[in-house]
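Everything on this sheet refers to the single structure shown next.
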Amino acid sequence: MNLSSDPPPAGLLDAIPALVEQALDSEPAARTAAERLRDAERCVLLSRGFNYATGYEIALKTKELAYVAAEAHSSATFRHGPIAMIEAGFPAVVVDVGETFREELAGLRGVLRERGAALVVFGDGEGAQYAPDLWVPIPRVTPEWLSPLVAVVPGQLWAYHLALAGDRSDEPRVLSKVTLTR
């Protein structure tokens, strides 16, 4: 993994707007996933690597828009305690983007399935690899470190539709978008 401080080649960033536009095509799947979890009062979001922050952003939007207590966790540490809350029907959302942690996340999904979790997967792989879980497609982005720019869009759409599906407002309450800096 190369995380040099050099700016990325212009061509890499030039592709992002078209990929974000493709990500908007996931809206029907995001709506379906929201309908499945419409009555959720809490859920977990599991992710890893570059998309660890993506899981946190989706959890934040889920709290803000749908008023669902969403906890984001790294798949690396989730099995060391937080997994104890998973029981039949517990909503678990997995952000499976990029090849680096694909095998680990597939194993975790298997464990969650065995525990009876209601699974939704935001993934950039082929849909069949996510069966029988509910899949929300994400366009594949190369290099992987740019994928959060695109991966977050279907998650934000899901949070929005979760708010609508659960008859919650799509206008967040008690939020202040003013930041005071000194």
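Each chain of the structure tokens is named A, B, ... in the order shown, its residues numbered from 1; ligands are numbered from 1 in display order.
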
Write out as a ChimeraX atom specification each polymer residue whose atoms come within 12 Å of Asn51 of chain A, counting only C-alpha atoms; drop sequence neighbours fewer than 5 positions from it.
/A:45-46,56-58,72-75,94-102,122-124,141,144-152,155

Expected file contents, prior selection, N, CA and C atoms, as an mmCIF file, in the first residue's frame:
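The result, written out as part_7.cif:
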```cif
data_model
loop_
_atom_site.group_PDB
_atom_site.id
_atom_site.type_symbol
_atom_site.label_atom_id
_atom_site.label_comp_id
_atom_site.auth_asym_id
_atom_site.auth_seq_id
_atom_site.Cartn_x
_atom_site.Cartn_y
_atom_site.Cartn_z
ATOM 1 N N LEU A 45 -22.883 -1.106 11.695
ATOM 2 C CA LEU A 45 -22.251 -0.955 10.395
ATOM 3 C C LEU A 45 -20.828 -1.441 10.537
ATOM 4 N N LEU A 46 -20.455 -2.385 9.699
ATOM 5 C CA LEU A 46 -19.143 -3.023 9.795
ATOM 6 C C LEU A 46 -18.359 -2.763 8.521
ATOM 7 N N TYR A 56 -18.558 4.721 9.237
ATOM 8 C CA TYR A 56 -18.890 5.763 10.206
ATOM 9 C C TYR A 56 -19.800 6.830 9.599
ATOM 10 N N GLU A 57 -19.543 7.215 8.380
ATOM 11 C CA GLU A 57 -20.384 8.217 7.720
ATOM 12 C C GLU A 57 -21.810 7.692 7.527
ATOM 13 N N ILE A 58 -21.942 6.435 7.111
ATOM 14 C CA ILE A 58 -23.278 5.862 6.931
ATOM 15 C C ILE A 58 -23.988 5.780 8.286
ATOM 16 N N ALA A 72 -20.982 2.086 14.345
ATOM 17 C CA ALA A 72 -19.991 1.656 13.364
ATOM 18 C C ALA A 72 -18.850 0.944 14.081
ATOM 19 N N HIS A 73 -18.407 -0.163 13.506
ATOM 20 C CA HIS A 73 -17.302 -0.937 14.073
ATOM 21 C C HIS A 73 -16.382 -1.416 12.957
ATOM 22 N N SER A 74 -15.135 -1.593 13.288
ATOM 23 C CA SER A 74 -14.207 -2.263 12.394
ATOM 24 C C SER A 74 -14.479 -3.761 12.469
ATOM 25 N N SER A 75 -14.476 -4.401 11.328
ATOM 26 C CA SER A 75 -14.672 -5.854 11.323
ATOM 27 C C SER A 75 -13.530 -6.552 12.058
ATOM 28 N N VAL A 94 -22.898 -4.339 6.221
ATOM 29 C CA VAL A 94 -21.478 -4.570 5.958
ATOM 30 C C VAL A 94 -21.075 -3.784 4.717
ATOM 31 N N VAL A 95 -20.025 -2.977 4.845
ATOM 32 C CA VAL A 95 -19.463 -2.252 3.708
ATOM 33 C C VAL A 95 -18.285 -3.082 3.208
ATOM 34 N N ASP A 96 -18.489 -3.761 2.084
ATOM 35 C CA ASP A 96 -17.497 -4.687 1.526
ATOM 36 C C ASP A 96 -16.990 -4.128 0.201
ATOM 37 N N VAL A 97 -16.016 -3.237 0.293
ATOM 38 C CA VAL A 97 -15.505 -2.544 -0.887
ATOM 39 C C VAL A 97 -14.005 -2.778 -0.990
ATOM 40 N N GLY A 98 -13.562 -3.168 -2.169
ATOM 41 C CA GLY A 98 -12.148 -3.433 -2.399
ATOM 42 C C GLY A 98 -11.802 -4.878 -2.083
ATOM 43 N N GLU A 99 -10.689 -5.307 -2.610
ATOM 44 C CA GLU A 99 -10.273 -6.710 -2.463
ATOM 45 C C GLU A 99 -9.523 -6.981 -1.157
ATOM 46 N N THR A 100 -8.956 -5.967 -0.547
ATOM 47 C CA THR A 100 -8.055 -6.168 0.582
ATOM 48 C C THR A 100 -8.673 -6.987 1.706
ATOM 49 N N PHE A 101 -9.915 -6.714 2.066
ATOM 50 C CA PHE A 101 -10.555 -7.397 3.201
ATOM 51 C C PHE A 101 -11.760 -8.235 2.772
ATOM 52 N N ARG A 102 -11.867 -8.539 1.482
ATOM 53 C CA ARG A 102 -13.028 -9.266 0.949
ATOM 54 C C ARG A 102 -13.233 -10.602 1.657
ATOM 55 N N PHE A 122 -23.246 -3.518 1.330
ATOM 56 C CA PHE A 122 -22.878 -2.541 0.318
ATOM 57 C C PHE A 122 -21.568 -3.050 -0.255
ATOM 58 N N GLY A 123 -21.575 -3.489 -1.514
ATOM 59 C CA GLY A 123 -20.373 -4.110 -2.050
ATOM 60 C C GLY A 123 -20.106 -3.798 -3.498
ATOM 61 N N ASP A 124 -18.831 -3.834 -3.857
ATOM 62 C CA ASP A 124 -18.422 -3.583 -5.233
ATOM 63 C C ASP A 124 -18.056 -4.862 -5.973
ATOM 64 N N VAL A 141 -13.907 1.013 -7.722
ATOM 65 C CA VAL A 141 -13.001 2.144 -7.884
ATOM 66 C C VAL A 141 -11.577 1.652 -7.707
ATOM 67 N N GLU A 144 -8.048 1.453 -4.616
ATOM 68 C CA GLU A 144 -8.980 1.248 -3.511
ATOM 69 C C GLU A 144 -9.062 2.449 -2.572
ATOM 70 N N TRP A 145 -7.977 3.186 -2.410
ATOM 71 C CA TRP A 145 -7.977 4.305 -1.469
ATOM 72 C C TRP A 145 -8.887 5.439 -1.911
ATOM 73 N N LEU A 146 -9.335 5.435 -3.170
ATOM 74 C CA LEU A 146 -10.298 6.440 -3.630
ATOM 75 C C LEU A 146 -11.748 5.962 -3.474
ATOM 76 N N SER A 147 -11.943 4.697 -3.155
ATOM 77 C CA SER A 147 -13.296 4.125 -3.123
ATOM 78 C C SER A 147 -14.252 4.787 -2.136
ATOM 79 N N PRO A 148 -13.807 5.321 -0.988
ATOM 80 C CA PRO A 148 -14.779 5.958 -0.089
ATOM 81 C C PRO A 148 -15.538 7.119 -0.725
ATOM 82 N N LEU A 149 -14.922 7.807 -1.685
ATOM 83 C CA LEU A 149 -15.603 8.912 -2.355
ATOM 84 C C LEU A 149 -16.868 8.446 -3.059
ATOM 85 N N VAL A 150 -16.871 7.211 -3.496
ATOM 86 C CA VAL A 150 -18.004 6.643 -4.227
ATOM 87 C C VAL A 150 -18.860 5.771 -3.318
ATOM 88 N N ALA A 151 -18.230 5.008 -2.448
ATOM 89 C CA ALA A 151 -18.941 4.031 -1.619
ATOM 90 C C ALA A 151 -19.928 4.673 -0.660
ATOM 91 N N VAL A 152 -19.688 5.894 -0.270
ATOM 92 C CA VAL A 152 -20.556 6.544 0.702
ATOM 93 C C VAL A 152 -21.926 6.897 0.109
ATOM 94 N N GLY A 155 -24.780 4.394 0.673
ATOM 95 C CA GLY A 155 -25.087 4.393 2.101
ATOM 96 C C GLY A 155 -25.918 5.599 2.508
#
```

Please produce, as a tab-separated table, a per-residue contact table for segment 39-111 of chain A versus segment 130-134 of chain A (criterion: any atom at most 10 Å away, only C-alpha atoms considered), showing the nearest atom pair and its distance in Å to one decimal, sorted by chain then residue number.
```
residue	atom	partner	partner_atom	distance
A:Val93	CA	A:Leu134	CA	9.5
A:Asp96	CA	A:Tyr130	CA	9.5
A:Ala106	CA	A:Tyr130	CA	8.1
A:Arg109	CA	A:Asp133	CA	8.6
A:Gly110	CA	A:Asp133	CA	9.9
```

Keeping only N, CA and C atoms, write those residues as a CSV table (one decimal), in the first residue's frame.
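Below you can see part_39.csv, which holds the result:
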```
chain,number,residue,atom,x,y,z
A,93,VAL,N,-25.2,-4.1,8.8
A,93,VAL,CA,-24.8,-3.6,7.5
A,93,VAL,C,-23.3,-3.7,7.3
A,96,ASP,N,-18.5,-3.8,2.1
A,96,ASP,CA,-17.5,-4.7,1.5
A,96,ASP,C,-17.0,-4.1,0.2
A,106,ALA,N,-16.3,-11.6,4.1
A,106,ALA,CA,-17.2,-12.8,3.8
A,106,ALA,C,-17.3,-13.7,5.0
A,109,ARG,N,-19.6,-12.1,7.5
A,109,ARG,CA,-21.0,-12.2,7.1
A,109,ARG,C,-21.6,-13.6,7.4
A,110,GLY,N,-20.7,-14.7,7.2
A,110,GLY,CA,-21.2,-16.0,7.5
A,110,GLY,C,-21.5,-16.2,9.0
```

- [ ] Might you pull out every residue within 7 Å of Leu24 of chain A, with only C-alpha atoms counted and same-chain residues fewer than 4 positions away left off, and present them as a ChimeraX atom specification?
- [x] /A:20,153-154

Selection from above, C-alpha atoms, as a JSON list (two decimals), in the first residue's frame, can you write it?
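What landed in part_38.json:
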```json
[["chain", "number", "residue", "atom", "x", "y", "z"],
["A", 20, "VAL", "CA", -20.47, 8.85, -8.23],
["A", 153, "VAL", "CA", -23.24, 7.55, -1.82],
["A", 154, "PRO", "CA", -25.34, 4.33, -1.70]]
```

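A straight line drawn from atom CA of Ser26 of chain A to atom CA of Glu104 of chain A is 24.1 Å long.
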
- Neighbours of segment 83-88 of chain A within 12 Å (only C-alpha atoms; same-chain residues fewer than 3 positions away dropped), as a ChimeraX atom specification? /A:42-46,71,73-80,91-93,108-109,111-119

Output for the residues just chosen: N, CA and C atoms as an mmCIF file, in the first residue's frame:
```cif
data_model
loop_
_atom_site.group_PDB
_atom_site.id
_atom_site.type_symbol
_atom_site.label_atom_id
_atom_site.label_comp_id
_atom_site.auth_asym_id
_atom_site.auth_seq_id
_atom_site.Cartn_x
_atom_site.Cartn_y
_atom_site.Cartn_z
ATOM 1 N N ARG A 42 -32.117 0.030 15.970
ATOM 2 C CA ARG A 42 -30.664 0.043 16.117
ATOM 3 C C ARG A 42 -30.076 -0.868 15.049
ATOM 4 N N CYS A 43 -28.796 -0.669 14.775
ATOM 5 C CA CYS A 43 -28.095 -1.517 13.816
ATOM 6 C C CYS A 43 -26.592 -1.324 13.994
ATOM 7 N N VAL A 44 -25.824 -2.211 13.375
ATOM 8 C CA VAL A 44 -24.375 -2.049 13.338
ATOM 9 C C VAL A 44 -23.945 -1.879 11.888
ATOM 10 N N LEU A 45 -22.883 -1.106 11.695
ATOM 11 C CA LEU A 45 -22.251 -0.955 10.395
ATOM 12 C C LEU A 45 -20.828 -1.441 10.537
ATOM 13 N N LEU A 46 -20.455 -2.385 9.699
ATOM 14 C CA LEU A 46 -19.143 -3.023 9.795
ATOM 15 C C LEU A 46 -18.359 -2.763 8.521
ATOM 16 N N GLU A 71 -24.324 1.911 15.214
ATOM 17 C CA GLU A 71 -22.952 1.850 15.712
ATOM 18 C C GLU A 71 -22.038 1.347 14.614
ATOM 19 N N HIS A 73 -18.407 -0.163 13.506
ATOM 20 C CA HIS A 73 -17.302 -0.937 14.073
ATOM 21 C C HIS A 73 -16.382 -1.416 12.957
ATOM 22 N N SER A 74 -15.135 -1.593 13.288
ATOM 23 C CA SER A 74 -14.207 -2.263 12.394
ATOM 24 C C SER A 74 -14.479 -3.761 12.469
ATOM 25 N N SER A 75 -14.476 -4.401 11.328
ATOM 26 C CA SER A 75 -14.672 -5.854 11.323
ATOM 27 C C SER A 75 -13.530 -6.552 12.058
ATOM 28 N N ALA A 76 -12.403 -5.880 12.209
ATOM 29 C CA ALA A 76 -11.250 -6.474 12.898
ATOM 30 C C ALA A 76 -11.503 -6.650 14.387
ATOM 31 N N THR A 77 -12.283 -5.770 14.971
ATOM 32 C CA THR A 77 -12.501 -5.829 16.415
ATOM 33 C C THR A 77 -13.916 -6.253 16.793
ATOM 34 N N PHE A 78 -14.806 -6.327 15.844
ATOM 35 C CA PHE A 78 -16.207 -6.614 16.143
ATOM 36 C C PHE A 78 -16.399 -7.959 16.838
ATOM 37 N N ARG A 79 -15.607 -8.941 16.473
ATOM 38 C CA ARG A 79 -15.748 -10.282 17.070
ATOM 39 C C ARG A 79 -15.233 -10.343 18.501
ATOM 40 N N HIS A 80 -14.604 -9.276 18.979
ATOM 41 C CA HIS A 80 -14.022 -9.265 20.328
ATOM 42 C C HIS A 80 -14.954 -8.673 21.373
ATOM 43 N N PRO A 91 -30.284 -5.996 12.770
ATOM 44 C CA PRO A 91 -29.778 -5.444 11.513
ATOM 45 C C PRO A 91 -28.265 -5.224 11.533
ATOM 46 N N ALA A 92 -27.596 -5.782 10.547
ATOM 47 C CA ALA A 92 -26.155 -5.601 10.380
ATOM 48 C C ALA A 92 -25.888 -5.183 8.938
ATOM 49 N N VAL A 93 -25.163 -4.102 8.779
ATOM 50 C CA VAL A 93 -24.830 -3.575 7.464
ATOM 51 C C VAL A 93 -23.318 -3.699 7.298
ATOM 52 N N LEU A 108 -17.003 -12.922 8.136
ATOM 53 C CA LEU A 108 -17.818 -12.253 9.150
ATOM 54 C C LEU A 108 -19.296 -12.319 8.784
ATOM 55 N N ARG A 109 -19.608 -12.132 7.510
ATOM 56 C CA ARG A 109 -21.011 -12.245 7.090
ATOM 57 C C ARG A 109 -21.552 -13.641 7.392
ATOM 58 N N VAL A 111 -20.648 -15.620 9.848
ATOM 59 C CA VAL A 111 -20.887 -15.680 11.299
ATOM 60 C C VAL A 111 -22.169 -14.920 11.648
ATOM 61 N N LEU A 112 -22.351 -13.751 11.063
ATOM 62 C CA LEU A 112 -23.548 -12.958 11.329
ATOM 63 C C LEU A 112 -24.806 -13.700 10.868
ATOM 64 N N ARG A 113 -24.699 -14.337 9.726
ATOM 65 C CA ARG A 113 -25.819 -15.119 9.201
ATOM 66 C C ARG A 113 -26.166 -16.254 10.153
ATOM 67 N N GLU A 114 -25.134 -16.957 10.664
ATOM 68 C CA GLU A 114 -25.362 -18.047 11.620
ATOM 69 C C GLU A 114 -26.066 -17.551 12.877
ATOM 70 N N ARG A 115 -25.803 -16.318 13.255
ATOM 71 C CA ARG A 115 -26.431 -15.748 14.451
ATOM 72 C C ARG A 115 -27.809 -15.161 14.147
ATOM 73 N N GLY A 116 -28.211 -15.198 12.872
ATOM 74 C CA GLY A 116 -29.554 -14.762 12.484
ATOM 75 C C GLY A 116 -29.695 -13.286 12.175
ATOM 76 N N ALA A 117 -28.590 -12.592 11.961
ATOM 77 C CA ALA A 117 -28.655 -11.162 11.660
ATOM 78 C C ALA A 117 -29.408 -10.906 10.361
ATOM 79 N N ALA A 118 -30.087 -9.783 10.294
ATOM 80 C CA ALA A 118 -30.690 -9.300 9.048
ATOM 81 C C ALA A 118 -29.593 -8.516 8.331
ATOM 82 N N LEU A 119 -29.027 -9.109 7.289
ATOM 83 C CA LEU A 119 -27.836 -8.555 6.648
ATOM 84 C C LEU A 119 -28.132 -7.739 5.400
#
```

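Minimum atom-to-atom distance to Glu64 of chain A, evaluated using only C-alpha atoms, belongs to A:Ala159 out of A:Ala159, A:Ala165, A:Ala33, A:Leu19.
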
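Residue nearest Leu164 of chain A, chosen from A:Glu27, A:Glu126, A:Glu21, A:Glu35 and counting only C-alpha atoms: A:Glu35.
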
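The coordinates place atom CA of Ala53 of chain A at 24.2 Å from atom CA of Arg36 of chain A.
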
Surrounding residues of Ala30 of chain A excluding itself and chain neighbours under 6 positions, 7 Å, only C-alpha atoms, as a list in words = Val136, Pro154, Leu157 and Trp158 of chain A

Would you mind listing what lies within 8 Å of Thr62 of chain A as a ChimeraX atom specification, with only C-alpha atoms counted and same-chain residues fewer than 4 positions away left out?
/A:58,66-70,156,159-160,162-163

Please save N, CA and C atoms of the selected residues as a CSV table (one decimal), in the first residue's frame.
```csv
chain,number,residue,atom,x,y,z
A,58,ILE,N,-21.9,6.4,7.1
A,58,ILE,CA,-23.3,5.9,6.9
A,58,ILE,C,-24.0,5.8,8.3
A,66,ALA,N,-32.7,8.9,10.1
A,66,ALA,CA,-33.7,7.9,10.4
A,66,ALA,C,-33.9,7.7,11.9
A,67,TYR,N,-33.0,8.4,12.7
A,67,TYR,CA,-33.1,8.3,14.2
A,67,TYR,C,-33.0,6.8,14.6
A,68,VAL,N,-32.1,6.1,13.9
A,68,VAL,CA,-31.8,4.7,14.3
A,68,VAL,C,-30.4,4.7,15.0
A,69,ALA,N,-30.3,4.1,16.1
A,69,ALA,CA,-29.1,4.0,16.8
A,69,ALA,C,-28.1,3.1,16.1
A,70,ALA,N,-27.3,3.7,15.3
A,70,ALA,CA,-26.3,3.0,14.4
A,70,ALA,C,-24.9,3.1,15.0
A,156,GLN,N,-25.6,6.7,1.9
A,156,GLN,CA,-26.4,7.9,2.2
A,156,GLN,C,-27.8,7.8,1.7
A,159,ALA,N,-29.7,5.6,4.1
A,159,ALA,CA,-30.2,6.3,5.3
A,159,ALA,C,-31.4,7.1,5.0
A,160,TYR,N,-31.4,7.8,3.8
A,160,TYR,CA,-32.5,8.6,3.4
A,160,TYR,C,-33.8,7.8,3.3
A,162,LEU,N,-34.3,4.9,4.5
A,162,LEU,CA,-34.7,4.3,5.8
A,162,LEU,C,-35.5,5.3,6.6
A,163,ALA,N,-35.2,6.6,6.5
A,163,ALA,CA,-36.0,7.6,7.2
A,163,ALA,C,-37.4,7.6,6.6
```

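Distances from A:Arg168, A:Lys63, A:His161, A:Arg140 to Ala34 of chain A were compared using only C-alpha atoms, and the smallest one belongs to A:His161.
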
Requested in this report: Write out as a ChimeraX atom specification all residues of chain A that DSSP puts in helix (DSSP H, G or I) for this structure's backbone.
Outcome: /A:10-14,16-24,27-36,49-66,75-78,82-85,102-114,127-130,144-146,148-165

Those residues with C-alpha atoms, as a JSON list (two decimals), in the first residue's frame please?
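Writing the result to selection25.json gives the following:
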```
[["chain", "number", "residue", "atom", "x", "y", "z"],
["A", 10, "ALA", "CA", -5.17, 13.80, -12.53],
["A", 11, "GLY", "CA", -6.76, 10.93, -14.45],
["A", 12, "LEU", "CA", -7.65, 9.09, -11.24],
["A", 13, "LEU", "CA", -9.63, 11.98, -9.80],
["A", 14, "ASP", "CA", -11.20, 12.80, -13.16],
["A", 16, "ILE", "CA", -14.70, 10.06, -9.71],
["A", 17, "PRO", "CA", -17.69, 12.19, -10.88],
["A", 18, "ALA", "CA", -18.78, 9.51, -13.37],
["A", 19, "LEU", "CA", -18.40, 6.81, -10.69],
["A", 20, "VAL", "CA", -20.47, 8.85, -8.23],
["A", 21, "GLU", "CA", -23.13, 9.15, -10.94],
["A", 22, "GLN", "CA", -23.03, 5.36, -11.35],
["A", 23, "ALA", "CA", -23.36, 5.01, -7.58],
["A", 24, "LEU", "CA", -26.66, 6.90, -7.78],
["A", 27, "GLU", "CA", -30.92, 3.88, -5.29],
["A", 28, "PRO", "CA", -33.53, 1.17, -6.03],
["A", 29, "ALA", "CA", -31.43, -1.41, -4.13],
["A", 30, "ALA", "CA", -30.85, 1.07, -1.29],
["A", 31, "ARG", "CA", -34.61, 1.64, -1.10],
["A", 32, "THR", "CA", -35.25, -2.13, -0.98],
["A", 33, "ALA", "CA", -32.70, -2.51, 1.82],
["A", 34, "ALA", "CA", -34.33, 0.35, 3.71],
["A", 35, "GLU", "CA", -37.74, -1.29, 3.37],
["A", 36, "ARG", "CA", -36.31, -4.51, 4.79],
["A", 49, "GLY", "CA", -9.55, -0.48, 5.68],
["A", 50, "PHE", "CA", -10.09, 2.63, 3.60],
["A", 51, "ASN", "CA", -13.85, 2.23, 3.98],
["A", 52, "TYR", "CA", -13.78, 2.18, 7.76],
["A", 53, "ALA", "CA", -14.66, 5.89, 7.59],
["A", 54, "THR", "CA", -17.42, 5.06, 5.10],
["A", 55, "GLY", "CA", -19.09, 2.90, 7.74],
["A", 56, "TYR", "CA", -18.89, 5.76, 10.21],
["A", 57, "GLU", "CA", -20.38, 8.22, 7.72],
["A", 58, "ILE", "CA", -23.28, 5.86, 6.93],
["A", 59, "ALA", "CA", -23.87, 5.36, 10.67],
["A", 60, "LEU", "CA", -23.91, 9.14, 11.18],
["A", 61, "LYS", "CA", -26.42, 9.66, 8.38],
["A", 62, "THR", "CA", -28.55, 6.81, 9.75],
["A", 63, "LYS", "CA", -28.68, 8.52, 13.14],
["A", 64, "GLU", "CA", -29.32, 11.99, 11.70],
["A", 65, "LEU", "CA", -31.99, 11.07, 9.17],
["A", 66, "ALA", "CA", -33.67, 7.90, 10.39],
["A", 75, "SER", "CA", -14.67, -5.85, 11.32],
["A", 76, "ALA", "CA", -11.25, -6.47, 12.90],
["A", 77, "THR", "CA", -12.50, -5.83, 16.41],
["A", 78, "PHE", "CA", -16.21, -6.61, 16.14],
["A", 82, "PRO", "CA", -19.70, -6.23, 20.18],
["A", 83, "ILE", "CA", -20.78, -9.34, 18.26],
["A", 84, "ALA", "CA", -22.55, -10.42, 21.47],
["A", 85, "MET", "CA", -25.43, -8.08, 20.62],
["A", 102, "ARG", "CA", -13.03, -9.27, 0.95],
["A", 103, "GLU", "CA", -12.28, -12.70, 2.44],
["A", 104, "GLU", "CA", -12.39, -11.45, 6.04],
["A", 105, "LEU", "CA", -15.73, -9.69, 5.48],
["A", 106, "ALA", "CA", -17.18, -12.78, 3.77],
["A", 107, "GLY", "CA", -16.25, -14.82, 6.85],
["A", 108, "LEU", "CA", -17.82, -12.25, 9.15],
["A", 109, "ARG", "CA", -21.01, -12.24, 7.09],
["A", 110, "GLY", "CA", -21.16, -16.02, 7.52],
["A", 111, "VAL", "CA", -20.89, -15.68, 11.30],
["A", 112, "LEU", "CA", -23.55, -12.96, 11.33],
["A", 113, "ARG", "CA", -25.82, -15.12, 9.20],
["A", 114, "GLU", "CA", -25.36, -18.05, 11.62],
["A", 127, "GLY", "CA", -24.03, -9.79, -6.66],
["A", 128, "ALA", "CA", -23.86, -13.60, -6.51],
["A", 129, "GLN", "CA", -20.96, -13.50, -4.03],
["A", 130, "TYR", "CA", -23.21, -11.69, -1.54],
["A", 144, "GLU", "CA", -8.98, 1.25, -3.51],
["A", 145, "TRP", "CA", -7.98, 4.30, -1.47],
["A", 146, "LEU", "CA", -10.30, 6.44, -3.63],
["A", 148, "PRO", "CA", -14.78, 5.96, -0.09],
["A", 149, "LEU", "CA", -15.60, 8.91, -2.36],
["A", 150, "VAL", "CA", -18.00, 6.64, -4.23],
["A", 151, "ALA", "CA", -18.94, 4.03, -1.62],
["A", 152, "VAL", "CA", -20.56, 6.54, 0.70],
["A", 153, "VAL", "CA", -23.24, 7.55, -1.82],
["A", 154, "PRO", "CA", -25.34, 4.33, -1.70],
["A", 155, "GLY", "CA", -25.09, 4.39, 2.10],
["A", 156, "GLN", "CA", -26.39, 7.94, 2.23],
["A", 157, "LEU", "CA", -29.24, 6.95, -0.09],
["A", 158, "TRP", "CA", -30.02, 4.02, 2.20],
["A", 159, "ALA", "CA", -30.18, 6.28, 5.28],
["A", 160, "TYR", "CA", -32.49, 8.64, 3.42],
["A", 161, "HIS", "CA", -34.83, 5.83, 2.35],
["A", 162, "LEU", "CA", -34.68, 4.30, 5.82],
["A", 163, "ALA", "CA", -36.01, 7.61, 7.17],
["A", 164, "LEU", "CA", -38.84, 7.59, 4.64],
["A", 165, "ALA", "CA", -39.65, 3.88, 5.05]]
```
